[in-house]
Amino acid sequence: MSWEGIPGFVEFEEGHGETTVVVEREHIRDACSYARDELGFNFLADLVATDYLGWEAHAVSGYIGTAAGRDLNRPMTQGFQAVPQPKPKRFSVSYHLLALQHGAPRVRLKCWLDDGETVQSVVSVWPTADWHEREQFDLMGIRFTDHPNLTRILLEDDWDGHPLRKDYPIGGEPVRFSEAE
Amino acid sequence: MSIAPEQSTRAWPLAGEPPYEGSRIPARVPTILDVPPALRDTDDILQVNFGPNHPSTHGVLRLIVDLDGEQVVGLSAVIGYLHTGFEKNMEQKTWWKAITYPARVDYVSYQNNELVFVLAIEKLLELEVPEKATWTRMLLCELNRIHSHLVYLGTSALELGAISMFWYCFRERETILDLYEMVCGARMHTRYFQAGGLAEDIPAGFFPECRKFVEWMPHALRDYLALLDRNQIWLERTKGVGLLSAEDAIALGQSGPVLRASGVDWDLRRDSPYLAYDQVDFRVPVYTGGDVYDRYRVRMDEMAESTKIVHQCLDKLERMEGQPWIADDRKVVLPPREELQTSMESLIHHFKIVTEGYRVPEGEVYVAIESPRGESGVYVVSDGGPKPWRVHFRAPSFAALEATATCTHDALIADLIAIVGSLDAVMGDTDR
């Protein structure tokens with residue numbers, strides 16, 4: 001399998017028996033068309049964005065919520081923990097592709113973007129991306145250009161913020177006589 | 001990894017006439033059926049709000065329907081009324097506690113959802129699972145598939161007026177729930193699967209009861225067929241309704257029974273085997289009509305096939321008396337209860353796992369299984385800590401509802417009930 005031919009190819013890596021091909025975000029639609037037409041990945045199984053804010057912070061092993069939000073950098077437990085590998089940008093958008101053919105091959109196309117950057121919509125390649133992209137816009141605040149109907153899908157239209165982002169306050173009740181006070 | 005398209009042993013779609021030529025996916029937005037321009041702004045169009053509180057929408061699905069007489073000319077599905085933020089919640093819990101959540105995401109195929117998340121953790125941990133646990137998981141997942149299809153069949157038939165079907169289906173469903181109760185004490189949401197195996201050994205009394213059930217199940221299936229298969233009202237309400245061609249189904253990300261009813265011979269249990277599905281004998285039912293009736297037939301056949309798989313699992317498990325049911329990795333798996341009285345190390349491990357949770361190596365995986373509703377996947381990112389960094393469910397119901405606009409081409413308002421029922425969407429799964 002030659003991944004280098006994918007438009008906007010950056011690198012590919014194997015891990016846990018899965019292949020991840022990193023693609024430049026400006027070329028993601030071409031990359032998806034290429035994967036569908038030339039490589040036979042005709043089924044978009046899933047489209048998911050991940051927020052890596054606070055990923056590289058020292059000893060991140062969990063978070064503690066406070067009334068004001070949550071403290072990303074306070075480790076949940078004591079003890080030494082390896083700092084995870086740095087990520088190129090804040091958000092990743094992963095496209096899990098599947099080929100409906102013998103052996104059920106899968107590949108994950110992935111692009112990186114920072115807050116405020118956009119990524120192309122792939123609705124014209126796979127109509128099923130319509131709701132998946134709306135969901136990632138709604139919960140993660142990723143903007144997909146040329147999406148025909150990019151509105152909130154799971155939350156109300158007037159919702160404030162994007163809850164799956166790591167800097168979204170998780171709420172909770174203030175605890176008296178605690179550090180937060 | 002290597003793929004070679006020319007080596008494909010299976011040709012899809014199957015030979016046979018496609019239900020319609022070309023594509024019926026709406027052009028502007030794939031999931032919204034727009035009112036034709038000639039009818040727009042005329043007084044003939046009546047906009048009806050169907051749901052979210054309507055008994056025929058299987059939960060809180062809201063459909064905004066534009067009607068011209070009884071004809072559906074416009075449709076858009078609105079979801080999100082059952083959004084509970086499972087993915088965000090799971091980021092706050094340790095891996096150990098997060099296993100509780102997936103079963104509640106899709107509360108009708110709870111056991112399969114639990115399985116997919118546990119498989120993802122095990123893939124990151126590279127944990128070996130004992131054979132007995134694998135076969136028990138397969139048994140329970142197949143029972144769960146029968147349970148899920150019974151709920152589909154009972155409610156779908158009920159909505160089309162066959163009230164007695166509901167009672168018959170829920171009779172068998174009740175037996176399955178009793179079996180689950182024997183295994184774990186809860187009728188649903190068992191949390192019986194742990195990373196590494198099972199929470200407890202399967203009780204000895206389970207096997208004879210389960211065997212009684214699978215021996216009865218073929219008779220029950222004959223009952224259902226007798227009630228429905230020559231029922232003229234059922235046939236007329238379902239045949240040729242809600243058409244979806246193979247190309248459209250794939251483009252819209254359909255999976256499971258909906259995809260197989262459109263003529264695509266695809267089942268992850270056979271094509272990408274997990275657990276021990278490569279060691280059991282079963283058939284994948286495929287029909288080419290792409291209508292509500294064929295989706296019903298796929299599910300009926302699948303119940304019979306699942307019964308066969310449960311039989312084979314029972315044969316295997318009855319000879320595994322006394323074998324381990326969970327891996328022996330003390331960093332991940334709770335030590336046996338009796339050891340806590342005597343072993344200091346076991347007490348420490350128990351304390352660490354319960355309070356802090358186990359740490360899962362850094363990485364990301366996407367695991368997919370064939371749930372009763374199709375490809376149920378989970379994407380998990382770990383930063384090496386005791387909590388998941390990101391969990392995302394590929395919900396088959398979410399994708400299934402994207403096809404409503406395509407399926408309602410030329411439909412009547414009454415067909416809408418049959419179509420939504422046949423897509424078998426669980427709103428908990430759709431909204432998460």
# chains A, B, ... in the order shown; residues from 1 in each chain; ligands from 1

$ interface_residues --of "chain B" --to "chain A" --cutoff "7 Å" --atoms "only C-alpha atoms" --output "PyMOL selection string"
chain B and resi 2-3+5+8-10+28-30+79-80+83+88+123+250-253+271-272+362+383-387+390+394+399+402+431

$ residues_around --residues "Glu174 in chain B" --least-positions-apart "2" --cutoff "12 Å" --atoms "only C-alpha atoms" --output "MDAnalysis selection string"
chainID B and resid 143:144 146:148 150:151 166:172 176:181 187:188 213

$ write_last_selection --atoms "C-alpha atoms" --output "PDB file, in the first residue's frame"
ATOM      1  CA  LEU B 143     -28.101 -13.029  23.568  1.00  0.00           C
ATOM      2  CA  ASN B 144     -28.011  -9.253  23.539  1.00  0.00           C
ATOM      3  CA  ILE B 146     -31.536 -11.376  20.050  1.00  0.00           C
ATOM      4  CA  HIS B 147     -32.784  -9.046  22.794  1.00  0.00           C
ATOM      5  CA  SER B 148     -32.210  -5.984  20.655  1.00  0.00           C
ATOM      6  CA  LEU B 150     -36.862  -8.519  19.740  1.00  0.00           C
ATOM      7  CA  VAL B 151     -37.288  -4.954  20.930  1.00  0.00           C
ATOM      8  CA  PHE B 166     -45.248  -6.870  21.183  1.00  0.00           C
ATOM      9  CA  TRP B 167     -46.375  -9.289  23.882  1.00  0.00           C
ATOM     10  CA  TYR B 168     -44.826 -12.283  22.169  1.00  0.00           C
ATOM     11  CA  CYS B 169     -41.488 -10.530  21.639  1.00  0.00           C
ATOM     12  CA  PHE B 170     -41.338  -9.200  25.154  1.00  0.00           C
ATOM     13  CA  ARG B 171     -42.068 -12.674  26.512  1.00  0.00           C
ATOM     14  CA  GLU B 172     -38.757 -13.926  25.103  1.00  0.00           C
ATOM     15  CA  ILE B 176     -33.138 -13.066  28.196  1.00  0.00           C
ATOM     16  CA  LEU B 177     -33.198 -10.394  30.871  1.00  0.00           C
ATOM     17  CA  ASP B 178     -33.695 -13.126  33.482  1.00  0.00           C
ATOM     18  CA  LEU B 179     -30.593 -14.846  32.118  1.00  0.00           C
ATOM     19  CA  TYR B 180     -28.646 -11.606  32.482  1.00  0.00           C
ATOM     20  CA  GLU B 181     -29.943 -11.300  36.009  1.00  0.00           C
ATOM     21  CA  ARG B 187     -31.223  -7.149  34.073  1.00  0.00           C
ATOM     22  CA  MET B 188     -29.574  -4.563  31.866  1.00  0.00           C
ATOM     23  CA  PHE B 213     -33.981 -20.734  26.148  1.00  0.00           C
TER      24      PHE B 213
END

$ select_by_dssp --residues "range 327-362 of chain B" --states "helix (DSSP H, G or I)" --output "list in words"
Arg337, Glu338, Glu339, Leu340, Gln341, Met344, Glu345, Ser346, Leu347, Ile348, His349, His350, Phe351, Lys352, Ile353, Val354 and Thr355 of chain B

$ select_by_dssp --residues "range 150-300 of chain B" --states "strand (DSSP E or B)" --output "list in words"
Phe193, Gln194, Gly197 and Leu198 of chain B

$ residues_around --residues "range 89-104 of chain B" --least-positions-apart "5" --cutoff "6 Å" --atoms "only C-alpha atoms" --output "PDB file with N, CA and C atoms, in the first residue's frame"
ATOM      1  N   TYR B 110     -26.779  -2.976  25.151  1.00  0.00           N
ATOM      2  CA  TYR B 110     -25.844  -2.583  26.213  1.00  0.00           C
ATOM      3  C   TYR B 110     -24.600  -3.467  26.245  1.00  0.00           C
ATOM      4  N   ASN B 113     -22.061  -2.694  23.481  1.00  0.00           N
ATOM      5  CA  ASN B 113     -21.361  -1.431  23.688  1.00  0.00           C
ATOM      6  C   ASN B 113     -20.304  -1.555  24.771  1.00  0.00           C
ATOM      7  N   GLU B 114     -20.657  -2.307  25.817  1.00  0.00           N
ATOM      8  CA  GLU B 114     -19.683  -2.541  26.874  1.00  0.00           C
ATOM      9  C   GLU B 114     -18.473  -3.263  26.292  1.00  0.00           C
ATOM     10  N   HIS B 189     -27.541  -3.256  31.615  1.00  0.00           N
ATOM     11  CA  HIS B 189     -26.381  -2.504  32.100  1.00  0.00           C
ATOM     12  C   HIS B 189     -25.574  -3.336  33.097  1.00  0.00           C
ATOM     13  N   ARG B 191     -22.335  -4.308  33.352  1.00  0.00           N
ATOM     14  CA  ARG B 191     -20.940  -4.052  33.708  1.00  0.00           C
ATOM     15  C   ARG B 191     -20.251  -5.360  34.103  1.00  0.00           C
ATOM     16  N   GLY B 357      -6.986   3.916  39.925  1.00  0.00           N
ATOM     17  CA  GLY B 357      -7.237   3.345  38.611  1.00  0.00           C
ATOM     18  C   GLY B 357      -5.939   2.903  37.984  1.00  0.00           C
ATOM     19  N   PRO B 386      -4.455   7.557  34.235  1.00  0.00           N
ATOM     20  CA  PRO B 386      -5.539   6.654  34.637  1.00  0.00           C
ATOM     21  C   PRO B 386      -6.920   7.036  34.106  1.00  0.00           C
ATOM     22  N   LYS B 387      -6.984   8.135  33.337  1.00  0.00           N
ATOM     23  CA  LYS B 387      -8.278   8.528  32.769  1.00  0.00           C
ATOM     24  C   LYS B 387      -8.158   8.633  31.264  1.00  0.00           C
ATOM     25  N   PRO B 388      -9.225   8.332  30.531  1.00  0.00           N
ATOM     26  CA  PRO B 388      -9.158   8.503  29.077  1.00  0.00           C
ATOM     27  C   PRO B 388      -9.008   9.986  28.720  1.00  0.00           C
ATOM     28  N   TRP B 389      -8.174  10.279  27.727  1.00  0.00           N
ATOM     29  CA  TRP B 389      -8.049  11.672  27.283  1.00  0.00           C
ATOM     30  C   TRP B 389      -9.237  12.037  26.406  1.00  0.00           C
TER      31      TRP B 389
END

$ decode --residues "range 268-368 of chain B" --atoms "C-alpha atoms" --output "PDB file, in the first residue's frame"
ATOM      1  CA  LEU B 268     -17.775  -7.424  10.819  1.00  0.00           C
ATOM      2  CA  ARG B 269     -18.210 -10.672  12.745  1.00  0.00           C
ATOM      3  CA  ARG B 270     -17.258 -12.560   9.609  1.00  0.00           C
ATOM      4  CA  ASP B 271     -15.189 -10.009   7.675  1.00  0.00           C
ATOM      5  CA  SER B 272     -13.078  -8.678  10.515  1.00  0.00           C
ATOM      6  CA  PRO B 273     -13.490 -11.302  13.235  1.00  0.00           C
ATOM      7  CA  TYR B 274     -13.119 -10.297  16.869  1.00  0.00           C
ATOM      8  CA  LEU B 275     -13.640 -12.496  19.954  1.00  0.00           C
ATOM      9  CA  ALA B 276     -13.906 -16.035  18.555  1.00  0.00           C
ATOM     10  CA  TYR B 277     -16.316 -15.413  15.704  1.00  0.00           C
ATOM     11  CA  ASP B 278     -13.908 -17.097  13.301  1.00  0.00           C
ATOM     12  CA  GLN B 279     -14.416 -20.352  15.228  1.00  0.00           C
ATOM     13  CA  VAL B 280     -18.194 -20.516  15.118  1.00  0.00           C
ATOM     14  CA  ASP B 281     -20.428 -21.457  12.263  1.00  0.00           C
ATOM     15  CA  PHE B 282     -23.026 -18.912  11.214  1.00  0.00           C
ATOM     16  CA  ARG B 283     -24.495 -17.416   8.072  1.00  0.00           C
ATOM     17  CA  VAL B 284     -24.816 -13.729   7.217  1.00  0.00           C
ATOM     18  CA  PRO B 285     -28.323 -13.054   5.882  1.00  0.00           C
ATOM     19  CA  VAL B 286     -28.432 -10.641   2.949  1.00  0.00           C
ATOM     20  CA  TYR B 287     -31.460  -9.364   1.055  1.00  0.00           C
ATOM     21  CA  THR B 288     -31.559  -7.059  -1.934  1.00  0.00           C
ATOM     22  CA  GLY B 289     -34.900  -5.274  -1.655  1.00  0.00           C
ATOM     23  CA  GLY B 290     -33.617  -2.407   0.479  1.00  0.00           C
ATOM     24  CA  ASP B 291     -37.080  -1.868   1.949  1.00  0.00           C
ATOM     25  CA  VAL B 292     -38.609  -2.087   5.419  1.00  0.00           C
ATOM     26  CA  TYR B 293     -39.679  -5.678   4.795  1.00  0.00           C
ATOM     27  CA  ASP B 294     -36.153  -6.846   3.963  1.00  0.00           C
ATOM     28  CA  ARG B 295     -34.752  -5.139   7.049  1.00  0.00           C
ATOM     29  CA  TYR B 296     -37.293  -7.118   9.045  1.00  0.00           C
ATOM     30  CA  ARG B 297     -36.263 -10.339   7.295  1.00  0.00           C
ATOM     31  CA  VAL B 298     -32.555  -9.707   7.936  1.00  0.00           C
ATOM     32  CA  ARG B 299     -33.241  -9.278  11.630  1.00  0.00           C
ATOM     33  CA  MET B 300     -35.457 -12.366  11.798  1.00  0.00           C
ATOM     34  CA  ASP B 301     -32.722 -14.458  10.157  1.00  0.00           C
ATOM     35  CA  GLU B 302     -30.096 -12.948  12.427  1.00  0.00           C
ATOM     36  CA  MET B 303     -32.028 -14.029  15.502  1.00  0.00           C
ATOM     37  CA  ALA B 304     -31.962 -17.601  14.224  1.00  0.00           C
ATOM     38  CA  GLU B 305     -28.230 -17.331  13.484  1.00  0.00           C
ATOM     39  CA  SER B 306     -27.525 -15.841  16.900  1.00  0.00           C
ATOM     40  CA  THR B 307     -29.378 -18.749  18.480  1.00  0.00           C
ATOM     41  CA  LYS B 308     -27.023 -21.089  16.621  1.00  0.00           C
ATOM     42  CA  ILE B 309     -23.988 -19.167  17.892  1.00  0.00           C
ATOM     43  CA  VAL B 310     -25.266 -19.305  21.474  1.00  0.00           C
ATOM     44  CA  HIS B 311     -25.646 -23.084  21.099  1.00  0.00           C
ATOM     45  CA  GLN B 312     -22.023 -23.392  20.004  1.00  0.00           C
ATOM     46  CA  CYS B 313     -20.832 -21.122  22.819  1.00  0.00           C
ATOM     47  CA  LEU B 314     -22.698 -23.252  25.349  1.00  0.00           C
ATOM     48  CA  ASP B 315     -21.142 -26.445  23.961  1.00  0.00           C
ATOM     49  CA  LYS B 316     -17.722 -24.883  24.351  1.00  0.00           C
ATOM     50  CA  LEU B 317     -18.265 -23.258  27.745  1.00  0.00           C
ATOM     51  CA  GLU B 318     -19.755 -26.301  29.423  1.00  0.00           C
ATOM     52  CA  ARG B 319     -16.389 -27.972  28.949  1.00  0.00           C
ATOM     53  CA  MET B 320     -14.473 -25.034  30.459  1.00  0.00           C
ATOM     54  CA  GLU B 321     -15.512 -25.582  34.067  1.00  0.00           C
ATOM     55  CA  GLY B 322     -12.907 -24.210  36.449  1.00  0.00           C
ATOM     56  CA  GLN B 323     -10.855 -22.341  33.863  1.00  0.00           C
ATOM     57  CA  PRO B 324      -9.788 -18.727  34.530  1.00  0.00           C
ATOM     58  CA  TRP B 325     -12.256 -16.065  33.455  1.00  0.00           C
ATOM     59  CA  ILE B 326     -10.003 -13.054  33.793  1.00  0.00           C
ATOM     60  CA  ALA B 327      -6.389 -12.289  32.964  1.00  0.00           C
ATOM     61  CA  ASP B 328      -3.824 -12.510  35.736  1.00  0.00           C
ATOM     62  CA  ASP B 329      -2.254  -9.070  35.370  1.00  0.00           C
ATOM     63  CA  ARG B 330      -2.299  -7.588  38.853  1.00  0.00           C
ATOM     64  CA  LYS B 331      -1.618  -4.063  37.593  1.00  0.00           C
ATOM     65  CA  VAL B 332      -4.959  -4.020  35.805  1.00  0.00           C
ATOM     66  CA  VAL B 333      -7.127  -6.795  37.191  1.00  0.00           C
ATOM     67  CA  LEU B 334      -8.507  -6.824  40.714  1.00  0.00           C
ATOM     68  CA  PRO B 335      -6.961  -9.596  42.836  1.00  0.00           C
ATOM     69  CA  PRO B 336      -9.245 -12.425  43.976  1.00  0.00           C
ATOM     70  CA  ARG B 337     -11.338 -11.419  46.951  1.00  0.00           C
ATOM     71  CA  GLU B 338     -10.014 -14.111  49.314  1.00  0.00           C
ATOM     72  CA  GLU B 339      -6.400 -12.998  48.785  1.00  0.00           C
ATOM     73  CA  LEU B 340      -7.127  -9.639  50.367  1.00  0.00           C
ATOM     74  CA  GLN B 341      -7.220 -11.308  53.781  1.00  0.00           C
ATOM     75  CA  THR B 342      -3.763 -12.796  53.523  1.00  0.00           C
ATOM     76  CA  SER B 343      -1.630 -10.964  50.965  1.00  0.00           C
ATOM     77  CA  MET B 344      -0.238  -7.478  51.476  1.00  0.00           C
ATOM     78  CA  GLU B 345       0.532  -7.068  47.764  1.00  0.00           C
ATOM     79  CA  SER B 346      -2.999  -7.988  46.788  1.00  0.00           C
ATOM     80  CA  LEU B 347      -4.392  -5.439  49.200  1.00  0.00           C
ATOM     81  CA  ILE B 348      -2.148  -2.737  47.744  1.00  0.00           C
ATOM     82  CA  HIS B 349      -3.087  -3.645  44.177  1.00  0.00           C
ATOM     83  CA  HIS B 350      -6.758  -3.677  45.055  1.00  0.00           C
ATOM     84  CA  PHE B 351      -6.485  -0.289  46.720  1.00  0.00           C
ATOM     85  CA  LYS B 352      -4.526   1.249  43.852  1.00  0.00           C
ATOM     86  CA  ILE B 353      -6.869   0.004  41.149  1.00  0.00           C
ATOM     87  CA  VAL B 354     -10.021   1.063  42.966  1.00  0.00           C
ATOM     88  CA  THR B 355      -8.823   4.508  44.057  1.00  0.00           C
ATOM     89  CA  GLU B 356      -6.355   5.684  41.457  1.00  0.00           C
ATOM     90  CA  GLY B 357      -7.237   3.345  38.611  1.00  0.00           C
ATOM     91  CA  TYR B 358      -4.818   1.604  36.315  1.00  0.00           C
ATOM     92  CA  ARG B 359      -2.745   3.536  33.831  1.00  0.00           C
ATOM     93  CA  VAL B 360      -3.229   2.819  30.149  1.00  0.00           C
ATOM     94  CA  PRO B 361      -0.232   3.386  27.853  1.00  0.00           C
ATOM     95  CA  GLU B 362      -0.222   6.447  25.642  1.00  0.00           C
ATOM     96  CA  GLY B 363      -1.820   5.905  22.258  1.00  0.00           C
ATOM     97  CA  GLU B 364      -4.995   5.990  20.226  1.00  0.00           C
ATOM     98  CA  VAL B 365      -7.132   3.165  18.888  1.00  0.00           C
ATOM     99  CA  TYR B 366     -10.345   2.752  16.978  1.00  0.00           C
ATOM    100  CA  VAL B 367     -12.149  -0.510  17.646  1.00  0.00           C
ATOM    101  CA  ALA B 368     -15.310  -1.522  15.834  1.00  0.00           C
TER     102      ALA B 368
END
